[in-house]
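Structure, as structure tokens:
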Amino acid sequence: MEKPSFLFFENVDRLLKSPASQRGRDFAIILASLADLGYVVEWRVINAAEYGMPQRRRRTYIVGYRTDTPLAHTIQDAEKWILEEGTIATAFPVTRKENARINTFIIDGTLDEVSARFNAGKIKWEFENAGVMSKRQVTTVATVPHYSGERMSLGQLVLPEDEVPAEFFIPNDDLPKWEYLKGGKQEIRKSAEGFEYKYSEGSMAFPDSLDKPSRTIITGEGGSGPSRFKHVILTESGRYRRLTPVELERLNMFPDRHTEGVSDSRRAFLMGNALVTGIVEKIGVVLLHSIDALAFS
């Protein structure tokens, strides 16, 4: 079977720094594997909200080009590709972070050796939030978003209050539980083994702001039980409520009722496990245009 001409992956942003005991090893294995399979690769960590989308969700996006494709042959200057010419840079413009240096290095050794030795014993990670890899030669640099367009907020996507099912409204009797879980705290707790320890955590917004992009949706967003991490908004009538499945779909830029057909809790889980589709769409459109332009040049 012929290898695909292009690859597109997505993962959590901490991929570039994992595991904690050997920073960046996992990503180095991925890049080395793709190089050995015959691909040039670029990546970027993108927070969707920094490009006007309705959710603060940071993810690592990876685009691979088989080395014998015309598009792979256009990648001549790694720094320019990262900052100006690349597929991701075209879709989501950036500038180099102030005082950031270009880091270049080679991932050498077999995959077993990369797994055992890459960045071993070091505290600092090698991979910045943007980069290119060709023939295991890595070029990476810290970047910041360059965007001045329209910005979407959570409030723009919520349903009218009279369209929200009753079960999404929080009973007044439950509000103290929500307020406790959302609030900052410093308290003495006891472990299962009976040891006492000091527990502390900061406060979270309660209710969630309607005039900003939402916090990241998590897989535990569903269900009516009080939670520190579920979204809660205050309605015009003064009632507190959770977000509906349709609103969670909108925060990931899916069509309304895309997940219809399973339970509301399952729909929330699916959206907590999904990504902001607007990111994928923009990268895909730029990639398609580049392929077409080279085909007819």
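We name chains A, B, ... following the order of the structure tokens; residues begin at 1 in each chain, and ligands are numbered from 1 as shown.
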Restrict the calculation to only C-alpha atoms, then for each residue of stretch 7-72 of chain A with any atom at most 6 Å from an atom of stretch 107-129 of chain A give the closest atom pair and their distance in Å to one decimal, rows by chain and rising residue number, as a tab-separated table.
```
residue	atom	partner	partner_atom	distance
A:Leu16	CA	A:Phe127	CA	5.9
A:Lys17	CA	A:Trp125	CA	5.9
A:Gln22	CA	A:Ala120	CA	5.3
A:Arg23	CA	A:Trp125	CA	5.0
A:Gly24	CA	A:Trp125	CA	5.8
A:Arg25	CA	A:Phe118	CA	5.7
A:Arg44	CA	A:Asn129	CA	5.5
A:Val45	CA	A:Asn129	CA	5.1
```
Run DSSP on the backbone and tell me which residues of stretch 95-197 of chain A come out as helix (DSSP H, G or I); list them as a tab-separated table (two decimals) with C-alpha atoms, in the first residue's frame.
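New file states01.tsv:
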```tsv
chain	number	residue	atom	x	y	z
A	111	LEU	CA	14.05	4.43	18.14
A	112	ASP	CA	15.07	2.36	21.17
A	113	GLU	CA	18.06	4.64	21.66
A	114	VAL	CA	15.93	7.75	21.28
A	115	SER	CA	13.56	6.36	23.89
A	116	ALA	CA	16.38	5.64	26.31
A	117	ARG	CA	18.61	8.68	25.79
A	154	LEU	CA	-19.30	32.04	25.16
A	155	GLY	CA	-22.23	34.44	25.42
A	156	GLN	CA	-22.64	34.54	21.64
A	161	GLU	CA	-33.26	30.68	28.25
A	162	ASP	CA	-36.69	29.40	27.21
A	163	GLU	CA	-35.06	26.76	24.97
A	166	ALA	CA	-35.26	22.25	33.02
A	167	GLU	CA	-32.67	19.66	34.09
A	168	PHE	CA	-29.81	22.01	33.14
A	172	ASN	CA	-30.94	26.81	44.68
A	173	ASP	CA	-30.27	24.19	47.36
A	174	ASP	CA	-27.28	22.91	45.37
A	175	LEU	CA	-25.63	26.30	44.83
A	176	PRO	CA	-23.56	26.21	48.07
A	177	LYS	CA	-21.95	22.93	46.88
A	178	TRP	CA	-21.04	24.49	43.54
A	179	GLU	CA	-19.70	27.62	45.24
A	180	TYR	CA	-17.54	25.54	47.57
A	181	LEU	CA	-16.06	23.46	44.75
A	182	LYS	CA	-15.41	26.53	42.58
```
Polymer residues at most 9 Å from stretch 183-192 of chain A, only C-alpha atoms, same-chain spacing of 3 or more positions, as a count of residues only
16
Residue contacts of A:His73 (12 Å, only C-alpha atoms) excluding same-chain residues fewer than 5 positions away, as a PyMOL selection string
chain A and resi 39-40+65-68+78+81+134+291+294
So that I can check the secondary structure, give me every residue of stretch 44-201 of chain A assigned strand (DSSP E) by backbone DSSP, as a VMD selection string.
chain A and resid 44 to 47 58 to 66 94 to 96 103 to 106 130 to 134 137 to 141 143 to 145 185 to 190 196 to 201
Excluding A:Glu84 and its own-chain neighbours fewer than 2 positions away, which residues fall within 12 Å of it when counting only C-alpha atoms? Please give them as a PyMOL selection string.
chain A and resi 75+77-82+86-96+130-131+143+146
Just to be explicit: take each residue in the selection above, keep N, CA and C atoms, and write the result as a short mmCIF file (atom, residue, chain, number, x, y, z; two decimals), in the first residue's frame.
```
data_model
loop_
_atom_site.label_atom_id
_atom_site.label_comp_id
_atom_site.auth_asym_id
_atom_site.auth_seq_id
_atom_site.Cartn_x
_atom_site.Cartn_y
_atom_site.Cartn_z
N ILE A 75 9.85 23.22 0.96
CA ILE A 75 10.34 23.54 2.31
C ILE A 75 11.87 23.62 2.25
N ASP A 77 13.75 26.69 3.54
CA ASP A 77 14.23 27.47 4.67
C ASP A 77 13.32 27.19 5.86
N ALA A 78 13.81 26.41 6.83
CA ALA A 78 12.96 25.96 7.94
C ALA A 78 12.40 27.14 8.73
N GLU A 79 13.22 28.15 9.02
CA GLU A 79 12.75 29.29 9.80
C GLU A 79 11.63 30.02 9.08
N LYS A 80 11.81 30.27 7.77
CA LYS A 80 10.75 30.95 7.01
C LYS A 80 9.48 30.11 6.96
N TRP A 81 9.65 28.78 6.86
CA TRP A 81 8.47 27.92 6.82
C TRP A 81 7.68 28.01 8.12
N ILE A 82 8.40 28.02 9.24
CA ILE A 82 7.74 28.10 10.55
C ILE A 82 7.02 29.42 10.73
N GLY A 86 4.86 28.34 5.83
CA GLY A 86 4.31 27.02 6.06
C GLY A 86 2.80 26.97 6.03
N THR A 87 2.27 25.76 5.95
CA THR A 87 0.82 25.56 5.96
C THR A 87 0.20 26.14 7.22
N ILE A 88 0.79 25.82 8.37
CA ILE A 88 0.21 26.29 9.63
C ILE A 88 0.40 27.79 9.79
N ALA A 89 1.57 28.31 9.39
CA ALA A 89 1.81 29.75 9.50
C ALA A 89 0.87 30.54 8.60
N THR A 90 0.52 29.99 7.45
CA THR A 90 -0.42 30.66 6.55
C THR A 90 -1.82 30.67 7.16
N ALA A 91 -2.21 29.55 7.75
CA ALA A 91 -3.54 29.46 8.35
C ALA A 91 -3.63 30.26 9.64
N PHE A 92 -2.55 30.25 10.42
CA PHE A 92 -2.56 30.90 11.74
C PHE A 92 -1.25 31.67 11.92
N PRO A 93 -1.22 32.94 11.46
CA PRO A 93 0.01 33.73 11.48
C PRO A 93 0.60 33.89 12.89
N VAL A 94 1.93 33.93 12.92
CA VAL A 94 2.65 34.11 14.17
C VAL A 94 3.82 35.06 13.95
N THR A 95 4.41 35.49 15.05
CA THR A 95 5.70 36.16 15.04
C THR A 95 6.59 35.44 16.04
N ARG A 96 7.89 35.62 15.85
CA ARG A 96 8.80 35.00 16.81
C ARG A 96 8.66 35.69 18.17
N ALA A 130 6.58 25.73 18.08
CA ALA A 130 6.49 25.64 16.62
C ALA A 130 7.79 25.07 16.09
N GLY A 131 7.70 24.33 14.98
CA GLY A 131 8.93 23.77 14.43
C GLY A 131 8.72 22.98 13.16
N THR A 143 6.97 30.93 19.42
CA THR A 143 6.22 31.93 18.65
C THR A 143 5.05 32.46 19.47
N HIS A 146 -0.36 36.06 15.93
CA HIS A 146 -0.52 37.38 15.30
C HIS A 146 -1.91 37.41 14.68
#
```
Nearest to A:Met152 by atom-to-atom distance, counting only C-alpha atoms, from A:Leu251, A:Ala268, A:Met53, A:Ala274:
A:Met53
